[in-house]
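Notes follow the structure.
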Amino acid sequence: MDLGMSARVRPLVAAVRAMIADEIAPLDAEYHAEVGRHPSGDRFRLTDRQREIIDGLKAEAKARGLWNLWLTDSARGGGLTTVDYAYLAEEMGKVPLAAEVFNCNAPDTGNMEVLERYGAEWMKARWLAPLLAGEIRSAYVMSEPGVASSDAAQLAFAARRDGDGFVLNGEKHWISGAGDPRCAVYILLACTDPEADKHARHTMFALDADMPGIEVVRPMTVFGADDAPHGHMHLRFTDVRVPAENVILGEGRGFEVAQGRLGPGRIHHCMRAIGQAEKALALMCRRGTERTAFGKPLAELGANYDIVANARMEIEMARLLCLKAAWVMDTEGTRAAAPWISQIKVVAPLMAGRVIDEAIQMHGGSGISQDFELARMWTHVRTLRFADGPDAVHRRQVARAELKAQRGAGD
């Protein structure tokens, strides 16, 4: 099991790390400070300066060949394995704007994967091509306010067959990316047959985001923040008519598409979380050595040596588990990797949350202020414990796989 950097990815990691440190990080704060400065006052519209920043950085990344690195096992990608890309995702996790600069940002990567693997040729021409070019954005429309969406079989948003198409009615919330004015396509999961077997009830659709009958009800806030201009929107669909050709893969095959989409994306999320933990540890160490109290550097007070050491060890363990999940995906496929992906989906955000929390503590009151990035980082990794399935659901999957394996071993 080779989990190290390959010769192929090593120079890419160096190039991505350098561009993030030298060019993206210096502009990240300015980009986010522009939120709400559009002449309309709309926080979900990009200012001219925001467009200048992101478009300029993306053009530079594309010119350097640092583009669509996430797309593995595809002629459209860069020829990397999931293990290779995991190292790149870790670097991108250290600065909020970085993943988008390299066209490696969620939810677009997962949506592009759906269109690339399962979409009809006309879908690829209409939406995949501009997504791969970084010209538009997308959203994945799944969670619903009326049911516990962690049990996806319960999703009740209705797609009713009507002639040569479907009529969509219902509400969806926590739709990340739907606030972005560049969001042009939705990948949507809807119930087409509530009486079918639970894994055949749902169908995946691709549709234009500006279709008549789609209403943005409100942005959902995360610990009080609206994450503009990206946003996590609450949407309402009223008699939205979608042609049958907009079905992805086939009616009743929504779960199949969803599982193919979520596996790689979960690994990407986890490696970005590990990158945030690395950044938090670096900030913790800097603060611990540069600040003094009671006549000593902060790092030498209390249990801070243990805290720093534990952070380093926990990061290393989480990274190895994530790389193993990536390796199983590369060698055995998404289904075989599922228990490993569930493990890392629990472990990585929990670990990152602990490390960031200790870094906040080392910074004192400043750690929860706008003067440092730690509060925003903690909010993100805490939220990640819900995104793509809550901890309890992933633990359930790990336990079921383990019980099955143990029963087989005892036969």
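To be explicit about the labels: the chains of the structure tokens are called A, B, and onward in the order shown, and within each one the residues are counted from 1, while ligands get numbers from 1 in the order they are shown.
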Run DSSP on the backbone of this structure and report the residues of segment 56-144 of chain A it assigns to alpha helix (DSSP H), as number ranges by chain. A: 56-63, 82-92, 98-101, 108-118, 121-123, 129-132
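Those residues in segment 270-303 of chain A carrying a DSSP assignment of strand (DSSP E or B), computed from the backbone, are Thr292, Ala293, Lys296 and Pro297 of chain A.
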For segment 348-357 of chain A, work out the shell of residues within 6 Å, counting only C-alpha atoms and skipping chain neighbours fewer than 5 positions away, then give it as a PyMOL selection string. chain A and resi 270+277+280+311+318+378+381
Output as a tab-separated table one row per residue of segment 296-411 of chain A within 10 Å of segment 202-223 of chain A: the closest atom pair and its distance in Å to one decimal place, counting only C-alpha atoms, sorted by chain and residue number ascending.
residue	atom	partner	partner_atom	distance
A:Arg376	CA	A:Phe223	CA	9.8
A:Thr379	CA	A:Phe223	CA	7.1
A:His380	CA	A:Val222	CA	8.6
A:Arg382	CA	A:Val222	CA	9.8
A:Thr383	CA	A:Val222	CA	7.6
Go ahead and save the residues from that selection, with N, CA and C atoms, as an mmCIF file, in the first residue's frame.
data_model
loop_
_atom_site.group_PDB
_atom_site.id
_atom_site.type_symbol
_atom_site.label_atom_id
_atom_site.label_comp_id
_atom_site.auth_asym_id
_atom_site.auth_seq_id
_atom_site.Cartn_x
_atom_site.Cartn_y
_atom_site.Cartn_z
ATOM 1 N N ARG A 376 -13.537 31.273 11.969
ATOM 2 C CA ARG A 376 -14.140 30.845 10.710
ATOM 3 C C ARG A 376 -13.771 29.399 10.400
ATOM 4 N N THR A 379 -15.841 27.085 12.628
ATOM 5 C CA THR A 379 -17.214 27.023 12.137
ATOM 6 C C THR A 379 -17.331 26.082 10.945
ATOM 7 N N HIS A 380 -16.346 26.155 10.051
ATOM 8 C CA HIS A 380 -16.387 25.310 8.860
ATOM 9 C C HIS A 380 -16.280 23.835 9.220
ATOM 10 N N ARG A 382 -16.824 22.355 12.062
ATOM 11 C CA ARG A 382 -17.978 21.898 12.847
ATOM 12 C C ARG A 382 -19.162 21.628 11.929
ATOM 13 N N THR A 383 -19.333 22.473 10.941
ATOM 14 C CA THR A 383 -20.408 22.275 9.965
ATOM 15 C C THR A 383 -20.174 21.023 9.136
#
Length of the atom CA of Ser138 of chain A to atom CA of Val185 of chain A vector [Å]: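 Separation of atom CA of Ser138 of chain A and atom CA of Val185 of chain A: 5.0 Å.
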Between A:Arg287, A:Arg64, A:His230, A:Arg201, which has the minimum distance to Asn105 of chain A (counting only C-alpha atoms)?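 Of the candidates, the smallest distance to Asn105 of chain A is held by A:His230.
Counting from atom CA of Leu57 of chain A, the distance to atom CA of Ile187 of chain A is 26.8 Å.
Reported to one decimal place, the separation of atom CA of Leu115 of chain A from atom CA of Leu46 of chain A is 26.5 Å.
Considering only C-alpha atoms, the residue among A:Gly408, A:Ile24, A:Glu116, A:Asn304 positioned nearest to Ala75 of chain A is A:Glu116.
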For Gly364 of chain A, which of A:Ala409, A:Thr47, A:Val83, A:Leu298 is the closest residue, counting only C-alpha atoms?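 Using only C-alpha atoms, the shortest distance to Gly364 of chain A belongs to A:Leu298.
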With only C-alpha atoms as the counted atoms, please give the residues lying no more than 12 Å from segment 233-239 of chain A, apart from itself and same-chain residues fewer than 5 positions off, as a VMD selection string. chain A and resid 44 139 to 146 157 to 162 165 to 180 183 186 188 190 209 to 222 226 to 228
Find the residues around Arg291 of chain A up to 12 Å (only C-alpha atoms counted), leave out those fewer than 4 positions away in its own chain, and share them as a PyMOL selection string. chain A and resi 283-287+295-301+362-364
Restrict the selected residues to all heavy atoms and save them as an mmCIF file, in the first residue's frame.
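The file below, part30.cif, is the result:
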data_model
loop_
_atom_site.group_PDB
_atom_site.id
_atom_site.type_symbol
_atom_site.label_atom_id
_atom_site.label_comp_id
_atom_site.auth_asym_id
_atom_site.auth_seq_id
_atom_site.Cartn_x
_atom_site.Cartn_y
_atom_site.Cartn_z
ATOM 1 N N LEU A 283 -0.403 28.129 13.516
ATOM 2 C CA LEU A 283 -0.766 29.347 14.231
ATOM 3 C C LEU A 283 -0.615 29.175 15.737
ATOM 4 O O LEU A 283 -0.168 30.088 16.450
ATOM 5 C CB LEU A 283 -2.206 29.737 13.889
ATOM 6 C CG LEU A 283 -2.459 30.214 12.454
ATOM 7 C CD1 LEU A 283 -3.961 30.341 12.190
ATOM 8 C CD2 LEU A 283 -1.770 31.548 12.197
ATOM 9 N N MET A 284 -0.990 27.992 16.234
ATOM 10 C CA MET A 284 -0.861 27.704 17.659
ATOM 11 C C MET A 284 0.607 27.784 18.097
ATOM 12 O O MET A 284 0.937 28.392 19.127
ATOM 13 C CB MET A 284 -1.422 26.310 17.955
ATOM 14 C CG MET A 284 -1.468 25.954 19.436
ATOM 15 S SD MET A 284 -1.691 24.168 19.751
ATOM 16 C CE MET A 284 -3.051 23.764 18.685
ATOM 17 N N CYS A 285 1.478 27.168 17.326
ATOM 18 C CA CYS A 285 2.899 27.153 17.680
ATOM 19 C C CYS A 285 3.498 28.556 17.614
ATOM 20 O O CYS A 285 4.306 28.940 18.481
ATOM 21 C CB CYS A 285 3.657 26.208 16.757
ATOM 22 S SG CYS A 285 3.255 24.465 17.011
ATOM 23 N N ARG A 286 3.107 29.311 16.604
ATOM 24 C CA ARG A 286 3.623 30.676 16.490
ATOM 25 C C ARG A 286 3.192 31.516 17.682
ATOM 26 O O ARG A 286 4.001 32.243 18.282
ATOM 27 C CB ARG A 286 3.134 31.303 15.191
ATOM 28 C CG ARG A 286 3.735 32.669 14.897
ATOM 29 C CD ARG A 286 3.180 33.210 13.584
ATOM 30 N NE ARG A 286 3.311 32.224 12.526
ATOM 31 C CZ ARG A 286 2.518 32.173 11.460
ATOM 32 N NH1 ARG A 286 1.518 33.033 11.329
ATOM 33 N NH2 ARG A 286 2.705 31.257 10.533
ATOM 34 N N ARG A 287 1.910 31.413 18.033
ATOM 35 C CA ARG A 287 1.413 32.185 19.171
ATOM 36 C C ARG A 287 2.086 31.719 20.460
ATOM 37 O O ARG A 287 2.452 32.528 21.326
ATOM 38 C CB ARG A 287 -0.093 31.991 19.286
ATOM 39 C CG ARG A 287 -0.762 32.886 20.334
ATOM 40 C CD ARG A 287 -0.894 34.290 19.833
ATOM 41 N NE ARG A 287 -1.829 35.068 20.652
ATOM 42 C CZ ARG A 287 -2.247 36.292 20.353
ATOM 43 N NH1 ARG A 287 -1.815 36.882 19.254
ATOM 44 N NH2 ARG A 287 -3.098 36.935 21.128
ATOM 45 N N GLY A 295 6.036 35.352 32.785
ATOM 46 C CA GLY A 295 7.470 35.231 32.600
ATOM 47 C C GLY A 295 7.926 34.118 31.674
ATOM 48 O O GLY A 295 9.131 33.864 31.562
ATOM 49 N N LYS A 296 6.993 33.456 31.000
ATOM 50 C CA LYS A 296 7.369 32.347 30.112
ATOM 51 C C LYS A 296 6.596 32.430 28.791
ATOM 52 O O LYS A 296 5.505 32.995 28.753
ATOM 53 C CB LYS A 296 7.052 30.997 30.774
ATOM 54 C CG LYS A 296 7.915 30.644 31.964
ATOM 55 C CD LYS A 296 7.560 29.246 32.459
ATOM 56 C CE LYS A 296 8.458 28.834 33.614
ATOM 57 N NZ LYS A 296 8.149 27.452 34.073
ATOM 58 N N PRO A 297 7.142 31.833 27.729
ATOM 59 C CA PRO A 297 6.338 31.704 26.512
ATOM 60 C C PRO A 297 5.093 30.879 26.805
ATOM 61 O O PRO A 297 5.119 29.942 27.619
ATOM 62 C CB PRO A 297 7.273 30.973 25.539
ATOM 63 C CG PRO A 297 8.647 31.198 26.066
ATOM 64 C CD PRO A 297 8.506 31.289 27.556
ATOM 65 N N LEU A 298 3.995 31.203 26.122
ATOM 66 C CA LEU A 298 2.746 30.490 26.361
ATOM 67 C C LEU A 298 2.898 28.984 26.173
ATOM 68 O O LEU A 298 2.259 28.192 26.882
ATOM 69 C CB LEU A 298 1.651 31.006 25.411
ATOM 70 C CG LEU A 298 1.195 32.458 25.578
ATOM 71 C CD1 LEU A 298 0.089 32.759 24.563
ATOM 72 C CD2 LEU A 298 0.708 32.735 26.992
ATOM 73 N N ALA A 299 3.720 28.577 25.226
ATOM 74 C CA ALA A 299 3.878 27.146 24.944
ATOM 75 C C ALA A 299 4.400 26.373 26.143
ATOM 76 O O ALA A 299 4.174 25.163 26.247
ATOM 77 C CB ALA A 299 4.809 26.948 23.754
ATOM 78 N N GLU A 300 5.081 27.057 27.059
ATOM 79 C CA GLU A 300 5.670 26.373 28.211
ATOM 80 C C GLU A 300 4.754 26.370 29.422
ATOM 81 O O GLU A 300 5.114 25.830 30.482
ATOM 82 C CB GLU A 300 7.009 27.023 28.570
ATOM 83 C CG GLU A 300 8.047 26.906 27.461
ATOM 84 C CD GLU A 300 9.371 27.533 27.843
ATOM 85 O OE1 GLU A 300 9.567 27.825 29.049
ATOM 86 O OE2 GLU A 300 10.211 27.732 26.946
ATOM 87 N N LEU A 301 3.578 26.948 29.292
ATOM 88 C CA LEU A 301 2.650 27.020 30.423
ATOM 89 C C LEU A 301 1.643 25.876 30.386
ATOM 90 O O LEU A 301 1.262 25.394 29.311
ATOM 91 C CB LEU A 301 1.913 28.353 30.406
ATOM 92 C CG LEU A 301 2.775 29.614 30.577
ATOM 93 C CD1 LEU A 301 1.913 30.852 30.392
ATOM 94 C CD2 LEU A 301 3.442 29.623 31.946
ATOM 95 N N MET A 362 -5.144 29.059 22.693
ATOM 96 C CA MET A 362 -3.800 29.627 22.788
ATOM 97 C C MET A 362 -3.811 31.119 22.437
ATOM 98 O O MET A 362 -2.985 31.891 22.930
ATOM 99 C CB MET A 362 -2.847 28.870 21.859
ATOM 100 C CG MET A 362 -1.392 29.281 21.990
ATOM 101 S SD MET A 362 -0.572 28.567 23.438
ATOM 102 C CE MET A 362 -0.248 26.896 22.833
ATOM 103 N N HIS A 363 -4.758 31.523 21.585
ATOM 104 C CA HIS A 363 -4.833 32.925 21.181
ATOM 105 C C HIS A 363 -5.673 33.776 22.134
ATOM 106 O O HIS A 363 -5.795 34.994 21.928
ATOM 107 C CB HIS A 363 -5.422 33.028 19.763
ATOM 108 C CG HIS A 363 -4.458 32.667 18.687
ATOM 109 N ND1 HIS A 363 -4.054 31.372 18.449
ATOM 110 C CD2 HIS A 363 -3.788 33.434 17.778
ATOM 111 C CE1 HIS A 363 -3.204 31.341 17.436
ATOM 112 N NE2 HIS A 363 -3.025 32.569 17.017
ATOM 113 N N GLY A 364 -6.282 33.163 23.142
ATOM 114 C CA GLY A 364 -7.101 33.922 24.067
ATOM 115 C C GLY A 364 -8.320 34.510 23.382
ATOM 116 O O GLY A 364 -8.839 33.962 22.403
#
Can you list every residue of segment 227-260 of chain A that has an atom at most 12 Å from segment 319-337 of chain A, with its nearest atom pair and the distance in Å to one decimal, using only C-alpha atoms, ordered by chain then number, as a Markdown table?
| residue | atom | partner | partner_atom | distance |
| --- | --- | --- | --- | --- |
| A:Glu256 | CA | A:Arg335 | CA | 10.7 |
| A:Val257 | CA | A:Thr334 | CA | 11.8 |
| A:Ala258 | CA | A:Thr334 | CA | 11.6 |
| A:Gln259 | CA | A:Thr334 | CA | 8.1 |
| A:Gly260 | CA | A:Thr334 | CA | 7.0 |
Top pick for closest residue to Met377 of chain A, considering A:Ala405, A:Ala273, A:Ala98, A:Ile53 and counting only C-alpha atoms: A:Ala273
